[in-house]
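Note: the block below is start_26.cif and it holds mmCIF, C-alpha atoms.
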```
data_run
#
loop_
_atom_site.label_atom_id
_atom_site.label_comp_id
_atom_site.auth_asym_id
_atom_site.auth_seq_id
_atom_site.Cartn_x
_atom_site.Cartn_y
_atom_site.Cartn_z
CA MET Z 1 3.43 9.22 -23.18
CA ILE Z 2 0.78 7.16 -21.36
CA ALA Z 3 -1.02 6.41 -24.65
CA LEU Z 4 2.31 5.35 -26.19
CA TRP Z 5 2.98 2.89 -23.35
CA TYR Z 6 -0.59 1.60 -23.52
CA GLY Z 7 0.10 0.90 -27.21
CA ILE Z 8 3.43 -0.78 -26.37
CA LEU Z 9 1.77 -3.02 -23.74
CA VAL Z 10 -0.97 -4.07 -26.16
CA PHE Z 11 1.57 -4.60 -28.94
CA MET Z 12 3.70 -6.90 -26.74
CA LEU Z 13 0.71 -8.97 -25.62
CA THR Z 14 -0.71 -9.17 -29.15
CA THR Z 15 2.66 -10.29 -30.54
CA TYR Z 16 2.76 -13.05 -27.93
CA ILE Z 17 -0.77 -14.22 -28.74
CA VAL Z 18 -0.11 -14.18 -32.50
CA LEU Z 19 3.22 -16.05 -32.24
CA ASP Z 20 2.46 -18.51 -29.46
CA GLY Z 21 -1.20 -18.80 -30.46
CA ARG Z 22 -0.22 -20.91 -33.44
CA ASN Z 23 1.59 -23.28 -31.05
CA PHE Z 24 -1.54 -23.48 -28.86
CA GLY Z 25 -3.57 -24.30 -31.97
CA ALA Z 26 -1.10 -26.91 -33.21
CA GLY Z 27 -1.12 -28.45 -29.71
CA ILE Z 28 -4.92 -28.53 -29.57
CA LEU Z 29 -4.98 -30.32 -32.95
CA HIS Z 30 -2.16 -32.71 -31.99
CA TRP Z 31 -4.44 -35.74 -31.70
CA ILE Z 32 -6.72 -34.80 -34.59
CA VAL Z 33 -4.17 -34.16 -37.36
CA ALA Z 34 -1.57 -36.70 -36.18
CA ARG Z 35 -2.73 -40.30 -35.74
CA ASN Z 36 0.55 -42.10 -35.02
CA GLN Z 37 3.89 -41.36 -33.35
CA ALA Z 38 5.67 -40.43 -36.60
CA GLU Z 39 2.95 -37.90 -37.43
CA ARG Z 40 2.93 -36.55 -33.89
CA ARG Z 41 6.67 -35.99 -34.10
CA GLN Z 42 6.00 -33.85 -37.15
CA VAL Z 43 3.62 -31.61 -35.18
CA ILE Z 44 6.07 -31.33 -32.27
CA ALA Z 45 8.90 -30.54 -34.70
CA ALA Z 46 6.75 -27.83 -36.31
CA ILE Z 47 6.59 -25.89 -33.03
CA GLY Z 48 9.70 -27.39 -31.40
CA PRO Z 49 12.43 -24.87 -32.17
CA LEU Z 50 10.34 -21.75 -31.55
CA TRP Z 51 7.83 -22.26 -28.72
CA SER Z 52 10.16 -21.23 -25.89
CA TRP Z 53 11.35 -18.15 -27.76
CA HIS Z 54 7.72 -16.99 -28.21
CA GLU Z 55 7.12 -17.17 -24.46
CA VAL Z 56 9.73 -14.42 -24.05
CA TRP Z 57 7.12 -11.98 -25.41
CA LEU Z 58 4.85 -12.89 -22.47
CA VAL Z 59 7.69 -12.22 -20.04
CA GLY Z 60 8.32 -8.93 -21.87
CA THR Z 61 4.64 -8.01 -21.45
CA GLY Z 62 4.96 -8.57 -17.70
CA GLY Z 63 8.09 -6.41 -17.67
CA VAL Z 64 6.33 -3.58 -19.51
CA MET Z 65 3.42 -3.80 -17.06
CA VAL Z 66 5.77 -3.55 -14.05
CA MET Z 67 7.59 -0.58 -15.56
CA ALA Z 68 4.75 1.42 -17.09
CA PHE Z 69 1.57 0.39 -15.23
CA PRO Z 70 2.62 -0.88 -11.78
CA ARG Z 71 -0.81 -0.32 -10.22
CA LEU Z 72 -2.50 -2.44 -12.88
CA MET Z 73 0.11 -5.14 -12.36
CA ALA Z 74 -0.41 -5.13 -8.60
CA ALA Z 75 -4.21 -5.24 -8.86
CA SER Z 76 -4.51 -7.80 -11.65
CA PHE Z 77 -1.80 -10.23 -10.52
CA SER Z 78 -3.12 -10.46 -6.98
CA GLY Z 79 -6.75 -10.55 -8.15
CA CYS Z 80 -6.22 -13.29 -10.74
CA TYR Z 81 -3.78 -15.33 -8.65
CA LEU Z 82 -5.59 -18.62 -9.22
CA ALA Z 83 -5.85 -18.19 -13.00
CA LEU Z 84 -2.26 -16.96 -13.31
CA PHE Z 85 -0.91 -19.96 -11.46
CA LEU Z 86 -2.93 -22.24 -13.73
CA ILE Z 87 -1.42 -20.46 -16.77
CA LEU Z 88 2.04 -20.90 -15.27
CA TRP Z 89 1.45 -24.61 -14.65
CA CYS Z 90 0.12 -25.11 -18.18
CA VAL Z 91 3.14 -23.33 -19.69
CA LEU Z 92 5.43 -25.53 -17.56
CA LEU Z 93 3.58 -28.74 -18.42
CA ARG Z 94 3.59 -27.90 -22.12
CA GLY Z 95 7.36 -27.47 -22.06
CA ILE Z 96 7.92 -30.61 -19.99
CA SER Z 97 5.67 -32.72 -22.23
CA ILE Z 98 7.56 -31.62 -25.36
CA GLU Z 99 10.93 -32.28 -23.76
CA VAL Z 100 10.40 -35.58 -21.93
CA GLY Z 101 7.74 -37.21 -24.16
CA GLY Z 102 10.35 -38.68 -26.48
CA HIS Z 103 12.89 -39.71 -23.86
CA LEU Z 104 11.52 -43.25 -23.52
CA SER Z 105 10.47 -45.39 -26.42
CA ASP Z 106 7.43 -46.63 -24.54
CA ARG Z 107 3.91 -46.23 -25.90
CA LEU Z 108 2.25 -45.59 -22.52
CA TRP Z 109 4.86 -42.96 -21.62
CA GLN Z 110 4.47 -41.15 -24.94
CA GLU Z 111 0.64 -41.31 -24.87
CA PHE Z 112 0.66 -39.86 -21.36
CA TRP Z 113 2.86 -36.89 -22.31
CA ASP Z 114 0.89 -36.36 -25.54
CA SER Z 115 -2.25 -36.09 -23.37
CA VAL Z 116 -0.53 -33.58 -21.08
CA PHE Z 117 0.58 -31.59 -24.15
CA VAL Z 118 -2.94 -31.41 -25.62
CA PHE Z 119 -4.60 -30.70 -22.26
CA SER Z 120 -2.18 -27.87 -21.37
CA ASN Z 121 -2.64 -26.22 -24.79
CA VAL Z 122 -6.45 -26.38 -24.55
CA LEU Z 123 -6.38 -24.96 -21.04
CA LEU Z 124 -3.98 -22.17 -22.03
CA ALA Z 125 -6.32 -21.09 -24.86
CA VAL Z 126 -9.33 -21.27 -22.49
CA LEU Z 127 -7.57 -19.23 -19.80
CA PHE Z 128 -6.36 -16.52 -22.20
CA GLY Z 129 -9.87 -16.30 -23.69
CA ALA Z 130 -11.44 -16.05 -20.23
CA ALA Z 131 -8.87 -13.37 -19.32
CA LEU Z 132 -9.86 -11.36 -22.40
CA GLY Z 133 -13.52 -11.77 -21.42
CA ASN Z 134 -12.73 -10.53 -17.91
CA VAL Z 135 -10.97 -7.43 -19.29
CA ALA Z 136 -14.04 -6.61 -21.41
CA ARG Z 137 -16.60 -7.42 -18.70
CA GLY Z 138 -14.71 -5.94 -15.73
CA VAL Z 139 -13.76 -7.21 -12.29
CA PRO Z 140 -15.17 -6.49 -8.80
CA LEU Z 141 -12.75 -3.64 -7.96
CA THR Z 142 -12.89 -2.36 -4.39
CA ALA Z 143 -12.46 1.30 -3.39
CA GLU Z 144 -8.73 0.58 -2.86
CA GLY Z 145 -8.39 -0.64 -6.47
CA THR Z 146 -7.93 -4.33 -5.58
CA PHE Z 147 -10.08 -7.37 -6.33
CA TYR Z 148 -10.24 -11.14 -5.96
CA LEU Z 149 -11.64 -13.44 -8.63
CA PRO Z 150 -12.77 -16.97 -7.71
CA PHE Z 151 -13.36 -19.42 -10.57
CA PHE Z 152 -17.07 -18.70 -10.59
CA THR Z 153 -19.80 -17.29 -8.35
CA ASN Z 154 -23.34 -17.21 -9.75
CA PHE Z 155 -22.43 -16.93 -13.48
CA ASN Z 156 -23.80 -13.38 -13.46
CA ILE Z 157 -21.88 -10.51 -15.10
CA TYR Z 158 -22.59 -7.84 -12.46
CA GLY Z 159 -21.50 -7.39 -8.86
CA ASN Z 160 -19.37 -10.09 -7.26
CA VAL Z 161 -18.33 -11.92 -10.42
CA GLY Z 162 -15.96 -14.86 -10.95
CA LEU Z 163 -13.48 -15.76 -13.66
CA LEU Z 164 -16.14 -17.75 -15.54
CA ASP Z 165 -19.68 -16.62 -16.32
CA TRP Z 166 -22.14 -16.67 -19.22
CA TYR Z 167 -20.04 -14.09 -21.11
CA THR Z 168 -16.47 -15.22 -20.39
CA VAL Z 169 -17.18 -18.92 -21.15
CA PRO Z 170 -18.28 -18.22 -24.78
CA MET Z 171 -15.31 -15.83 -25.07
CA ALA Z 172 -12.96 -18.62 -23.91
CA LEU Z 173 -14.52 -21.04 -26.42
CA PHE Z 174 -14.17 -18.44 -29.18
CA CYS Z 175 -10.51 -18.04 -28.25
CA VAL Z 176 -10.00 -21.82 -28.46
CA LEU Z 177 -11.70 -21.84 -31.88
CA ILE Z 178 -9.74 -18.96 -33.41
CA LEU Z 179 -6.39 -20.16 -32.02
CA THR Z 180 -7.11 -23.67 -33.31
CA ALA Z 181 -7.80 -22.20 -36.76
CA HIS Z 182 -4.56 -20.19 -36.52
CA GLY Z 183 -2.65 -23.33 -35.49
CA ALA Z 184 -4.18 -25.35 -38.33
CA THR Z 185 -3.08 -22.65 -40.79
CA TYR Z 186 0.44 -22.89 -39.36
CA LEU Z 187 0.46 -26.69 -39.70
CA THR Z 188 -0.55 -26.47 -43.38
CA MET Z 189 2.62 -24.45 -43.96
CA LYS Z 190 4.97 -26.61 -41.87
CA THR Z 191 3.85 -30.20 -42.43
CA GLU Z 192 3.73 -32.72 -45.26
CA GLY Z 193 1.79 -35.86 -46.17
CA ALA Z 194 -1.28 -36.95 -44.23
CA VAL Z 195 -0.82 -34.33 -41.49
CA HIS Z 196 -0.75 -31.62 -44.14
CA GLU Z 197 -3.90 -32.95 -45.87
CA ARG Z 198 -5.85 -33.11 -42.59
CA SER Z 199 -4.63 -29.62 -41.63
CA VAL Z 200 -5.82 -28.13 -44.94
CA GLU Z 201 -9.30 -29.61 -44.47
CA LEU Z 202 -9.49 -28.42 -40.88
CA THR Z 203 -8.20 -24.93 -41.66
CA ARG Z 204 -11.00 -24.21 -44.09
CA SER Z 205 -13.79 -25.51 -41.84
CA LEU Z 206 -12.35 -23.88 -38.69
CA TRP Z 207 -12.06 -20.43 -40.29
CA LEU Z 208 -15.61 -20.78 -41.63
CA ALA Z 209 -16.74 -21.60 -38.08
CA VAL Z 210 -14.91 -18.54 -36.72
CA ILE Z 211 -17.12 -16.14 -38.75
CA PRO Z 212 -20.50 -16.88 -37.02
CA ALA Z 213 -18.72 -17.28 -33.67
CA PHE Z 214 -17.21 -13.81 -34.08
CA PHE Z 215 -20.62 -12.27 -34.76
CA LEU Z 216 -22.08 -14.10 -31.74
CA ILE Z 217 -19.32 -12.75 -29.46
CA THR Z 218 -19.76 -9.24 -30.87
CA LEU Z 219 -23.49 -9.49 -30.20
CA LEU Z 220 -22.91 -10.66 -26.62
CA THR Z 221 -20.42 -7.81 -26.06
CA VAL J 222 -22.16 -6.72 -21.47
CA ARG J 223 -20.04 -3.75 -22.60
CA PRO J 224 -21.79 -1.67 -25.29
CA GLU J 225 -19.27 1.17 -24.85
CA LEU J 226 -16.68 -1.06 -26.58
CA LEU J 227 -18.61 -0.77 -29.84
CA GLN J 228 -19.00 2.99 -29.30
CA GLY J 229 -15.21 3.13 -28.79
CA ILE J 230 -14.70 1.54 -32.20
CA VAL J 231 -17.02 4.04 -33.88
CA PHE J 232 -15.22 7.09 -32.45
CA ARG J 233 -11.57 5.94 -32.85
CA PRO J 234 -10.00 6.02 -36.35
CA VAL J 235 -7.27 3.57 -35.22
CA ALA J 236 -10.00 1.01 -34.58
CA TRP J 237 -11.36 1.53 -38.13
CA LEU J 238 -7.93 0.76 -39.54
CA THR J 239 -7.56 -2.42 -37.48
CA LEU J 240 -11.11 -3.46 -38.44
CA VAL J 241 -10.24 -3.06 -42.13
CA ILE J 242 -7.14 -5.25 -41.51
CA CYS J 243 -9.40 -7.88 -39.87
CA GLY J 244 -11.92 -7.93 -42.74
CA ALA J 245 -9.24 -8.07 -45.46
CA SER J 246 -7.32 -10.78 -43.58
CA ALA J 247 -10.42 -12.96 -43.01
CA TYR J 248 -11.24 -12.92 -46.72
CA ALA J 249 -7.61 -13.46 -47.71
CA ILE J 250 -7.08 -16.48 -45.41
CA LEU J 251 -9.79 -18.51 -47.14
CA THR J 252 -8.62 -17.55 -50.64
CA GLY J 253 -4.99 -18.23 -49.61
CA ILE J 254 -5.85 -21.77 -48.46
CA ASP J 255 -7.89 -22.42 -51.62
CA GLN J 256 -4.96 -21.26 -53.79
CA GLN J 257 -2.47 -23.33 -51.71
CA ARG J 258 -0.57 -20.17 -50.73
CA GLU J 259 -0.01 -21.41 -47.20
CA ARG J 260 2.64 -18.92 -46.09
CA LEU J 261 0.43 -16.03 -47.10
CA ALA J 262 -2.53 -17.65 -45.33
CA LEU J 263 -0.48 -17.79 -42.10
CA VAL J 264 0.60 -14.15 -42.45
CA ARG J 265 -3.03 -13.14 -42.98
CA SER J 266 -4.19 -15.28 -40.07
CA SER J 267 -1.61 -13.49 -37.89
CA PHE J 268 -2.86 -10.11 -39.14
CA LEU J 269 -6.45 -11.11 -38.34
CA LEU J 270 -5.56 -11.95 -34.73
CA PHE J 271 -3.44 -8.81 -34.50
CA GLY J 272 -6.30 -6.70 -35.89
CA LEU J 273 -8.94 -8.18 -33.56
CA LEU J 274 -6.85 -7.61 -30.42
CA MET J 275 -5.76 -4.13 -31.49
CA THR J 276 -9.38 -3.16 -32.27
CA ALA J 277 -10.46 -4.31 -28.80
CA ALA J 278 -7.57 -2.41 -27.17
CA ALA J 279 -8.29 0.78 -29.14
CA ALA J 280 -11.96 0.56 -28.16
CA LEU J 281 -11.10 0.04 -24.47
CA PHE J 282 -8.62 2.93 -24.14
CA PRO J 283 -8.17 4.71 -21.72
CA ILE J 284 -9.87 2.23 -19.38
CA MET J 285 -7.66 -0.68 -18.34
CA LEU J 286 -9.98 -2.41 -15.87
CA PHE J 287 -13.75 -1.93 -15.64
CA SER J 288 -15.43 -2.40 -12.29
CA THR J 289 -18.49 -4.62 -12.01
CA ALA J 290 -19.08 -3.41 -8.45
CA ASP J 291 -19.20 0.35 -9.09
CA PRO J 292 -18.48 2.07 -12.45
CA ALA J 293 -16.73 4.92 -10.60
CA ARG J 294 -13.98 2.53 -9.44
CA GLN J 295 -12.66 1.65 -12.90
CA LEU J 296 -8.89 1.91 -13.42
CA THR J 297 -7.76 4.11 -16.32
CA ALA J 298 -4.33 4.20 -17.95
CA THR J 299 -3.64 7.51 -16.17
CA ASP J 300 -4.56 5.99 -12.77
CA CYS J 301 -2.22 3.02 -13.29
CA ALA J 302 0.73 4.70 -15.03
CA ALA J 303 4.20 5.19 -13.58
CA PRO J 304 5.54 8.78 -13.35
CA ASP J 305 6.50 10.48 -16.63
CA THR J 306 10.23 10.27 -15.83
CA SER J 307 10.05 6.46 -15.68
CA LEU J 308 8.11 6.30 -18.93
CA ILE J 309 10.65 8.53 -20.73
CA ILE J 310 13.59 6.43 -19.48
CA GLY J 311 11.67 3.27 -20.43
CA THR J 312 11.10 4.59 -23.97
CA ALA J 313 14.86 5.08 -24.39
CA TRP J 314 15.60 1.37 -23.84
CA TRP J 315 12.42 -0.18 -25.20
CA PHE J 316 12.89 0.81 -28.85
CA PRO J 317 16.48 -0.52 -29.19
CA ALA J 318 15.35 -3.68 -27.37
CA LEU J 319 12.43 -4.10 -29.79
CA ILE J 320 14.77 -3.78 -32.78
CA LEU J 321 17.05 -6.47 -31.30
CA ALA J 322 14.05 -8.73 -30.54
CA PHE J 323 12.71 -8.40 -34.09
CA CYS J 324 16.15 -9.05 -35.61
CA TYR J 325 16.37 -12.27 -33.60
CA LEU J 326 12.78 -13.22 -34.48
CA TYR J 327 13.58 -12.65 -38.17
CA PHE J 328 16.72 -14.80 -37.89
CA LEU J 329 14.78 -17.64 -36.23
CA GLN J 330 11.93 -17.50 -38.73
CA ARG J 331 14.38 -17.55 -41.66
CA HIS J 332 16.36 -20.39 -40.12
CA TYR J 333 13.30 -22.61 -39.57
CA TRP J 334 11.28 -21.45 -42.59
CA GLY J 335 9.56 -24.04 -44.77
CA LYS J 336 8.46 -27.61 -44.09
CA VAL J 337 9.69 -29.40 -40.98
CA ASN J 338 12.86 -31.39 -41.20
CA LEU J 339 12.49 -34.11 -38.55
CA PRO J 340 16.20 -34.88 -37.99
CA LYS J 341 17.04 -31.15 -37.78
CA ASP J 342 14.06 -29.67 -35.92
CA ASN J 343 13.47 -32.19 -33.10
CA GLN J 344 16.05 -30.57 -30.80
CA GLY J 345 17.03 -33.99 -29.52
CA PHE J 346 13.61 -34.57 -27.93
CA TYR J 347 13.02 -37.76 -29.98
#
```
Show me, as structure tokens, the structure contained in the file I just sent.
Amino acid sequence: MIALWYGILVFMLTTYIVLDGRNFGAGILHWIVARNQAERRQVIAAIGPLWSWHEVWLVGTGGVMVMAFPRLMAASFSGCYLALFLILWCVLLRGISIEVGGHLSDRLWQEFWDSVFVFSNVLLAVLFGAALGNVARGVPLTAEGTFYLPFFTNFNIYGNVGLLDWYTVPMALFCVLILTAHGATYLTMKTEGAVHERSVELTRSLWLAVIPAFFLITLLT
Amino acid sequence: VRPELLQGIVFRPVAWLTLVICGASAYAILTGIDQQRERLALVRSSFLLFGLLMTAAAALFPIMLFSTADPARQLTATDCAAPDTSLIIGTAWWFPALILAFCYLYFLQRHYWGKVNLPKDNQGFY
């Protein structure tokens, strides 16, 4: 039964990363594939109807953790408080930037919210990558099964570690790279014209870049 | 950093399966893009991500949190799990809920399938 619920938890989280990961990637590429407001609207429209629905899988993952692994939930949510609040803020800012960016037909207003949109997507990919790195590396658990993670300590991977170190930073960058490639693949399917052409070019080069990066991460692990 | 992850892959057949999915997907993405089969490329890209995360999870099991302070303090799935009664009750509602969630996901994907339609897909944001 425990193995089944472990599988369910991983399945929920993986489904979220796969579905919302393409939105992260599209958001990261927002400025690169779309050079004017009309093209940027195309990127927003590609993720527009579905991004909030995909976040439900993340909420579902939290629900599964509360129900099936309450001790893990208690330890990890209090230990990663800082990172979790950053994730929450990025998710909020991403939603706000999509919703209010087009409310005023003012270039400065739209550029500002486009910047917020790109920045929040990059940071979300970095934080999820760093979280994955922390799961693989481990955290400074006390005898009571609790821990606290600051952003960084001495960049070492043993003892009193932080969220970022020489292993979790490459892992975060790898996560940004693979989610960007995933997002570019999604944009090739959803877009037309110049955005589509740029996405096709980027997709090929990004996936080719993922291969050596994957071997590097495997070697580090 | 964590050599036991690779040992976990070697000794768990589930991880072999997910690794095969990763390899096949990685090859298929590039050929899919070259052949302009973009939908298939996206499906394969999704399978690659799915395979990578599932391989990592299979290799980690049963440990849920490693300890950098003292290896004896690591949290396993058994340490963290709720009582069996809760898990059995949870199983009874989780599977119907998953079926509902996938039906809705299928409906949404069908509804918004294909290239973007700016007047239809902007949800009034622009």
To test your reading of the syntax: which residues would the PyMOL selection byres ((chain J and resi 252) around 12) return for the file shown? Reply as a count of residues only.
23
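Minimum distance to chain J across Z:Glu192, Z:Glu39, Z:Asp106, Z:Asp165 (counting only C-alpha atoms) occurs at Z:Glu192.
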Taking only C-alpha atoms into account, produce a table as JSON lines in which each residue of chain Z with an atom at most 7 Å from an atom of chain J appears once, together with its shortest atom pair and the distance in Å to one decimal, ordered by chain and rising number.
```
{"residue": "Z:Met1", "atom": "CA", "partner": "J:Leu308", "partner_atom": "CA", "distance": 7.0}
{"residue": "Z:Ile2", "atom": "CA", "partner": "J:Ala302", "partner_atom": "CA", "distance": 6.8}
{"residue": "Z:Val10", "atom": "CA", "partner": "J:Ala278", "partner_atom": "CA", "distance": 6.9}
{"residue": "Z:Thr14", "atom": "CA", "partner": "J:Phe271", "partner_atom": "CA", "distance": 6.0}
{"residue": "Z:Val18", "atom": "CA", "partner": "J:Ser267", "partner_atom": "CA", "distance": 5.6}
{"residue": "Z:Gln42", "atom": "CA", "partner": "J:Leu339", "partner_atom": "CA", "distance": 6.6}
{"residue": "Z:Ala45", "atom": "CA", "partner": "J:Asn343", "partner_atom": "CA", "distance": 5.1}
{"residue": "Z:Ala46", "atom": "CA", "partner": "J:Val337", "partner_atom": "CA", "distance": 5.7}
{"residue": "Z:Gly48", "atom": "CA", "partner": "J:Asn343", "partner_atom": "CA", "distance": 6.3}
{"residue": "Z:Pro49", "atom": "CA", "partner": "J:Asp342", "partner_atom": "CA", "distance": 6.3}
{"residue": "Z:Met67", "atom": "CA", "partner": "J:Ala303", "partner_atom": "CA", "distance": 7.0}
{"residue": "Z:Ala68", "atom": "CA", "partner": "J:Ala303", "partner_atom": "CA", "distance": 5.2}
{"residue": "Z:Phe69", "atom": "CA", "partner": "J:Ala302", "partner_atom": "CA", "distance": 4.4}
{"residue": "Z:Pro70", "atom": "CA", "partner": "J:Cys301", "partner_atom": "CA", "distance": 6.4}
{"residue": "Z:Arg71", "atom": "CA", "partner": "J:Cys301", "partner_atom": "CA", "distance": 4.8}
{"residue": "Z:Leu72", "atom": "CA", "partner": "J:Cys301", "partner_atom": "CA", "distance": 5.5}
{"residue": "Z:Glu99", "atom": "CA", "partner": "J:Phe346", "partner_atom": "CA", "distance": 5.5}
{"residue": "Z:Val100", "atom": "CA", "partner": "J:Phe346", "partner_atom": "CA", "distance": 6.9}
{"residue": "Z:Gly102", "atom": "CA", "partner": "J:Tyr347", "partner_atom": "CA", "distance": 4.5}
{"residue": "Z:His103", "atom": "CA", "partner": "J:Tyr347", "partner_atom": "CA", "distance": 6.4}
{"residue": "Z:Val135", "atom": "CA", "partner": "J:Leu286", "partner_atom": "CA", "distance": 6.2}
{"residue": "Z:Ala136", "atom": "CA", "partner": "J:Arg223", "partner_atom": "CA", "distance": 6.8}
{"residue": "Z:Arg137", "atom": "CA", "partner": "J:Val222", "partner_atom": "CA", "distance": 6.3}
{"residue": "Z:Gly138", "atom": "CA", "partner": "J:Phe287", "partner_atom": "CA", "distance": 4.1}
{"residue": "Z:Val139", "atom": "CA", "partner": "J:Ser288", "partner_atom": "CA", "distance": 5.1}
{"residue": "Z:Pro140", "atom": "CA", "partner": "J:Thr289", "partner_atom": "CA", "distance": 5.0}
{"residue": "Z:Leu141", "atom": "CA", "partner": "J:Ser288", "partner_atom": "CA", "distance": 5.2}
{"residue": "Z:Ala143", "atom": "CA", "partner": "J:Arg294", "partner_atom": "CA", "distance": 6.4}
{"residue": "Z:Tyr158", "atom": "CA", "partner": "J:Thr289", "partner_atom": "CA", "distance": 5.2}
{"residue": "Z:Gly159", "atom": "CA", "partner": "J:Ala290", "partner_atom": "CA", "distance": 4.7}
{"residue": "Z:Asn160", "atom": "CA", "partner": "J:Ala290", "partner_atom": "CA", "distance": 6.8}
{"residue": "Z:His182", "atom": "CA", "partner": "J:Ser266", "partner_atom": "CA", "distance": 6.1}
{"residue": "Z:Thr185", "atom": "CA", "partner": "J:Leu263", "partner_atom": "CA", "distance": 5.7}
{"residue": "Z:Tyr186", "atom": "CA", "partner": "J:Leu263", "partner_atom": "CA", "distance": 5.9}
{"residue": "Z:Thr188", "atom": "CA", "partner": "J:Glu259", "partner_atom": "CA", "distance": 6.4}
{"residue": "Z:Met189", "atom": "CA", "partner": "J:Glu259", "partner_atom": "CA", "distance": 5.2}
{"residue": "Z:Lys190", "atom": "CA", "partner": "J:Lys336", "partner_atom": "CA", "distance": 4.3}
{"residue": "Z:Thr191", "atom": "CA", "partner": "J:Lys336", "partner_atom": "CA", "distance": 5.5}
{"residue": "Z:Arg204", "atom": "CA", "partner": "J:Leu251", "partner_atom": "CA", "distance": 6.6}
{"residue": "Z:Leu220", "atom": "CA", "partner": "J:Val222", "partner_atom": "CA", "distance": 6.5}
{"residue": "Z:Thr221", "atom": "CA", "partner": "J:Val222", "partner_atom": "CA", "distance": 5.0}
```
The selected residues should be written to file as a PDB file, in the frame of the given file (atoms: C-alpha atoms).
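out.pdb was written with the following content:
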```pdb
ATOM      1  CA  MET Z   1       3.430   9.220 -23.180  1.00  0.00           C
ATOM      2  CA  ILE Z   2       0.780   7.160 -21.360  1.00  0.00           C
ATOM      3  CA  VAL Z  10      -0.970  -4.070 -26.160  1.00  0.00           C
ATOM      4  CA  THR Z  14      -0.710  -9.170 -29.150  1.00  0.00           C
ATOM      5  CA  VAL Z  18      -0.110 -14.180 -32.500  1.00  0.00           C
ATOM      6  CA  GLN Z  42       6.000 -33.850 -37.150  1.00  0.00           C
ATOM      7  CA  ALA Z  45       8.900 -30.540 -34.700  1.00  0.00           C
ATOM      8  CA  ALA Z  46       6.750 -27.830 -36.310  1.00  0.00           C
ATOM      9  CA  GLY Z  48       9.700 -27.390 -31.400  1.00  0.00           C
ATOM     10  CA  PRO Z  49      12.430 -24.870 -32.170  1.00  0.00           C
ATOM     11  CA  MET Z  67       7.590  -0.580 -15.560  1.00  0.00           C
ATOM     12  CA  ALA Z  68       4.750   1.420 -17.090  1.00  0.00           C
ATOM     13  CA  PHE Z  69       1.570   0.390 -15.230  1.00  0.00           C
ATOM     14  CA  PRO Z  70       2.620  -0.880 -11.780  1.00  0.00           C
ATOM     15  CA  ARG Z  71      -0.810  -0.320 -10.220  1.00  0.00           C
ATOM     16  CA  LEU Z  72      -2.500  -2.440 -12.880  1.00  0.00           C
ATOM     17  CA  GLU Z  99      10.930 -32.280 -23.760  1.00  0.00           C
ATOM     18  CA  VAL Z 100      10.400 -35.580 -21.930  1.00  0.00           C
ATOM     19  CA  GLY Z 102      10.350 -38.680 -26.480  1.00  0.00           C
ATOM     20  CA  HIS Z 103      12.890 -39.710 -23.860  1.00  0.00           C
ATOM     21  CA  VAL Z 135     -10.970  -7.430 -19.290  1.00  0.00           C
ATOM     22  CA  ALA Z 136     -14.040  -6.610 -21.410  1.00  0.00           C
ATOM     23  CA  ARG Z 137     -16.600  -7.420 -18.700  1.00  0.00           C
ATOM     24  CA  GLY Z 138     -14.710  -5.940 -15.730  1.00  0.00           C
ATOM     25  CA  VAL Z 139     -13.760  -7.210 -12.290  1.00  0.00           C
ATOM     26  CA  PRO Z 140     -15.170  -6.490  -8.800  1.00  0.00           C
ATOM     27  CA  LEU Z 141     -12.750  -3.640  -7.960  1.00  0.00           C
ATOM     28  CA  ALA Z 143     -12.460   1.300  -3.390  1.00  0.00           C
ATOM     29  CA  TYR Z 158     -22.590  -7.840 -12.460  1.00  0.00           C
ATOM     30  CA  GLY Z 159     -21.500  -7.390  -8.860  1.00  0.00           C
ATOM     31  CA  ASN Z 160     -19.370 -10.090  -7.260  1.00  0.00           C
ATOM     32  CA  HIS Z 182      -4.560 -20.190 -36.520  1.00  0.00           C
ATOM     33  CA  THR Z 185      -3.080 -22.650 -40.790  1.00  0.00           C
ATOM     34  CA  TYR Z 186       0.440 -22.890 -39.360  1.00  0.00           C
ATOM     35  CA  THR Z 188      -0.550 -26.470 -43.380  1.00  0.00           C
ATOM     36  CA  MET Z 189       2.620 -24.450 -43.960  1.00  0.00           C
ATOM     37  CA  LYS Z 190       4.970 -26.610 -41.870  1.00  0.00           C
ATOM     38  CA  THR Z 191       3.850 -30.200 -42.430  1.00  0.00           C
ATOM     39  CA  ARG Z 204     -11.000 -24.210 -44.090  1.00  0.00           C
ATOM     40  CA  LEU Z 220     -22.910 -10.660 -26.620  1.00  0.00           C
ATOM     41  CA  THR Z 221     -20.420  -7.810 -26.060  1.00  0.00           C
TER      42      THR Z 221
END
```
A straight line from CA of Leu163 in chain Z to CA of Val91 in chain Z spans 19.2 Å
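For the atom pair formed by CA of Thr15 in chain Z and CA of Trp57 in chain Z, the distance is 7.0 Å, given to one decimal.
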Expressed in Å, the length from CA of Ser78 in chain Z to CA of Val66 in chain Z is 13.3 Å
